[in-house]
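This report refers to the structure that appears directly beneath it.
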Amino acid sequence: MSLNNVQKYALTIALLCGVSGMPTLAHADDGQCEMMSAVKTVDYGRYRKEDMQKGSAEHVGKVYNGYGSVTREFQVSVLCPDTRKMRVSISGAARQNLAYRFTESGAMKIAFKDGRVDGNAVQLAAVDIGAIAVQGGASQVTLPPEKALAAINGTEVAGQQFTATMMVTTYLSENAFSVTNATDFTETLTLNADTLPAQ
């Protein structure tokens, strides 16, 4: 399989705090495959330290201490007119390629679960972007920067529709709450879909 056959599609999702957003259908379409999400904006509302869970999160060997938000979940889908292998990756500001940045004082954990290809349950794997050989898999997987989400059932699965539930949890350090006035936090992530020929 040649990586010259890779096709890319993108969808942008903004994460907001302190401002209101209205969820709407978001999609990217180049005339071939479509990437969709029922949510374009994830609005966490107002962060208050007393409403958040104090703790720490370890992500790829690095520990983030502070306060965790409620995890927000939404479904993302890639639809293609013919059978292909589909992978989802995320572009956004990263912290040393270990986690996604959420403001200057925080980080985001992004995970996926409930993977399905053409309606059939599949395992999910975080693979190197551009990797040809894919193996492993689990029912839920954390997706760090520079990795892509792949559908696995022994080997990589091809189909016309790849759907998974995306879970976003934000973490803020103590420093984020040292400001006496209200502050709006905004981060933008771009979901990318890469497709490969079925064989």
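Letters A, B, ... mark the chains of the structure tokens in the order given; residue numbers begin at 1 per chain; ligand numbers begin at 1, in order shown.
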Wanna dump the region 110-176 of chain A-region 32-38 of chain A contacts at 10 Å for me, each residue with its shortest atom pair and the distance in Å to one decimal, counting only C-alpha atoms, ordered by chain and number, as a tab-separated table?
```
residue	atom	partner	partner_atom	distance
A:Gln160	CA	A:Cys33	CA	8.9
A:Gln161	CA	A:Cys33	CA	9.4
A:Phe162	CA	A:Met35	CA	9.4
A:Thr163	CA	A:Met36	CA	9.4
A:Thr165	CA	A:Ser37	CA	9.8
A:Met166	CA	A:Ser37	CA	9.7
```
*Suppose you want the space between CA of Ser89 (chain A) and CA of Asp118 (chain A); what is it in Å?*
19.5 Å
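You can rank A:Met108, A:Gly66, A:Lys85, A:Lys54 by their closest distance to Leu189 (chain A) using only C-alpha atoms, and at the top of that list sits A:Met108.
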*Atom pair CA of Leu191 (chain A) / CA of Gln140 (chain A): separation (Å)*: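 That distance, rounded to one decimal, is 17.9 Å.
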*asked:* When DSSP is applied to the backbone of this structure, which of region 74-135 of chain A are assigned strand (DSSP E)? Write them out as a ChimeraX atom specification.
replied: /A:74-91,94-95,99-101,106-117,120-121,123-128
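Checking A:Asn175, A:Thr169, A:Thr83, A:Gln199 one by one against Ala111 (chain A), counting only C-alpha atoms, you find the shortest gap at A:Thr169.
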_Set the distance at 8 Å and use only C-alpha atoms: which residues neighbour Gly68 (chain A) once local chain neighbours fewer than 5 positions away are removed? I'd like the list as an NGL selection string._
:A and (52-56 or 169-172)
Write out the residues from the selection above, keeping N, CA, C and O atoms, as a PDB file, in the first residue's frame.
```pdb
ATOM      1  N   MET A  52     -15.332  21.839  39.991  1.00  0.00           N
ATOM      2  CA  MET A  52     -14.470  20.925  39.245  1.00  0.00           C
ATOM      3  C   MET A  52     -13.858  19.892  40.184  1.00  0.00           C
ATOM      4  O   MET A  52     -13.798  20.076  41.394  1.00  0.00           O
ATOM      5  N   GLN A  53     -13.422  18.800  39.593  1.00  0.00           N
ATOM      6  CA  GLN A  53     -12.827  17.717  40.371  1.00  0.00           C
ATOM      7  C   GLN A  53     -11.320  17.918  40.490  1.00  0.00           C
ATOM      8  O   GLN A  53     -10.617  17.945  39.485  1.00  0.00           O
ATOM      9  N   LYS A  54     -10.842  18.062  41.739  1.00  0.00           N
ATOM     10  CA  LYS A  54      -9.411  18.239  41.959  1.00  0.00           C
ATOM     11  C   LYS A  54      -8.729  16.894  41.780  1.00  0.00           C
ATOM     12  O   LYS A  54      -9.227  15.869  42.202  1.00  0.00           O
ATOM     13  N   GLY A  55      -7.606  16.923  41.129  1.00  0.00           N
ATOM     14  CA  GLY A  55      -6.871  15.687  40.928  1.00  0.00           C
ATOM     15  C   GLY A  55      -5.754  15.884  39.935  1.00  0.00           C
ATOM     16  O   GLY A  55      -5.301  16.993  39.687  1.00  0.00           O
ATOM     17  N   SER A  56      -5.334  14.776  39.358  1.00  0.00           N
ATOM     18  CA  SER A  56      -4.272  14.835  38.363  1.00  0.00           C
ATOM     19  C   SER A  56      -4.590  13.846  37.259  1.00  0.00           C
ATOM     20  O   SER A  56      -5.337  12.895  37.459  1.00  0.00           O
ATOM     21  N   THR A 169     -11.998  16.019  27.884  1.00  0.00           N
ATOM     22  CA  THR A 169     -11.928  16.455  29.282  1.00  0.00           C
ATOM     23  C   THR A 169     -10.851  17.519  29.371  1.00  0.00           C
ATOM     24  O   THR A 169      -9.737  17.314  28.887  1.00  0.00           O
ATOM     25  N   THR A 170     -11.198  18.663  29.953  1.00  0.00           N
ATOM     26  CA  THR A 170     -10.212  19.732  30.112  1.00  0.00           C
ATOM     27  C   THR A 170      -9.694  19.739  31.546  1.00  0.00           C
ATOM     28  O   THR A 170     -10.411  19.385  32.483  1.00  0.00           O
ATOM     29  N   TYR A 171      -8.435  20.137  31.689  1.00  0.00           N
ATOM     30  CA  TYR A 171      -7.789  20.250  32.991  1.00  0.00           C
ATOM     31  C   TYR A 171      -7.168  21.643  33.094  1.00  0.00           C
ATOM     32  O   TYR A 171      -6.507  22.089  32.156  1.00  0.00           O
ATOM     33  N   LEU A 172      -7.405  22.300  34.215  1.00  0.00           N
ATOM     34  CA  LEU A 172      -6.817  23.613  34.458  1.00  0.00           C
ATOM     35  C   LEU A 172      -5.966  23.556  35.717  1.00  0.00           C
ATOM     36  O   LEU A 172      -6.354  22.937  36.714  1.00  0.00           O
TER      37      LEU A 172
END
```
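Residues in contact with Leu124 (chain A) at 9 Å, where only C-alpha atoms are counted and same-chain residues fewer than 2 positions away are skipped, are listed as Phe112, Lys113, Asp114, Gly115, Val122, Ala126, Gly136, Gly137, Ala138, Ser139, Gln140, Val141, Leu149, Ala150, Ala151, Ile152, Asn153 and Ala164 of chain A.
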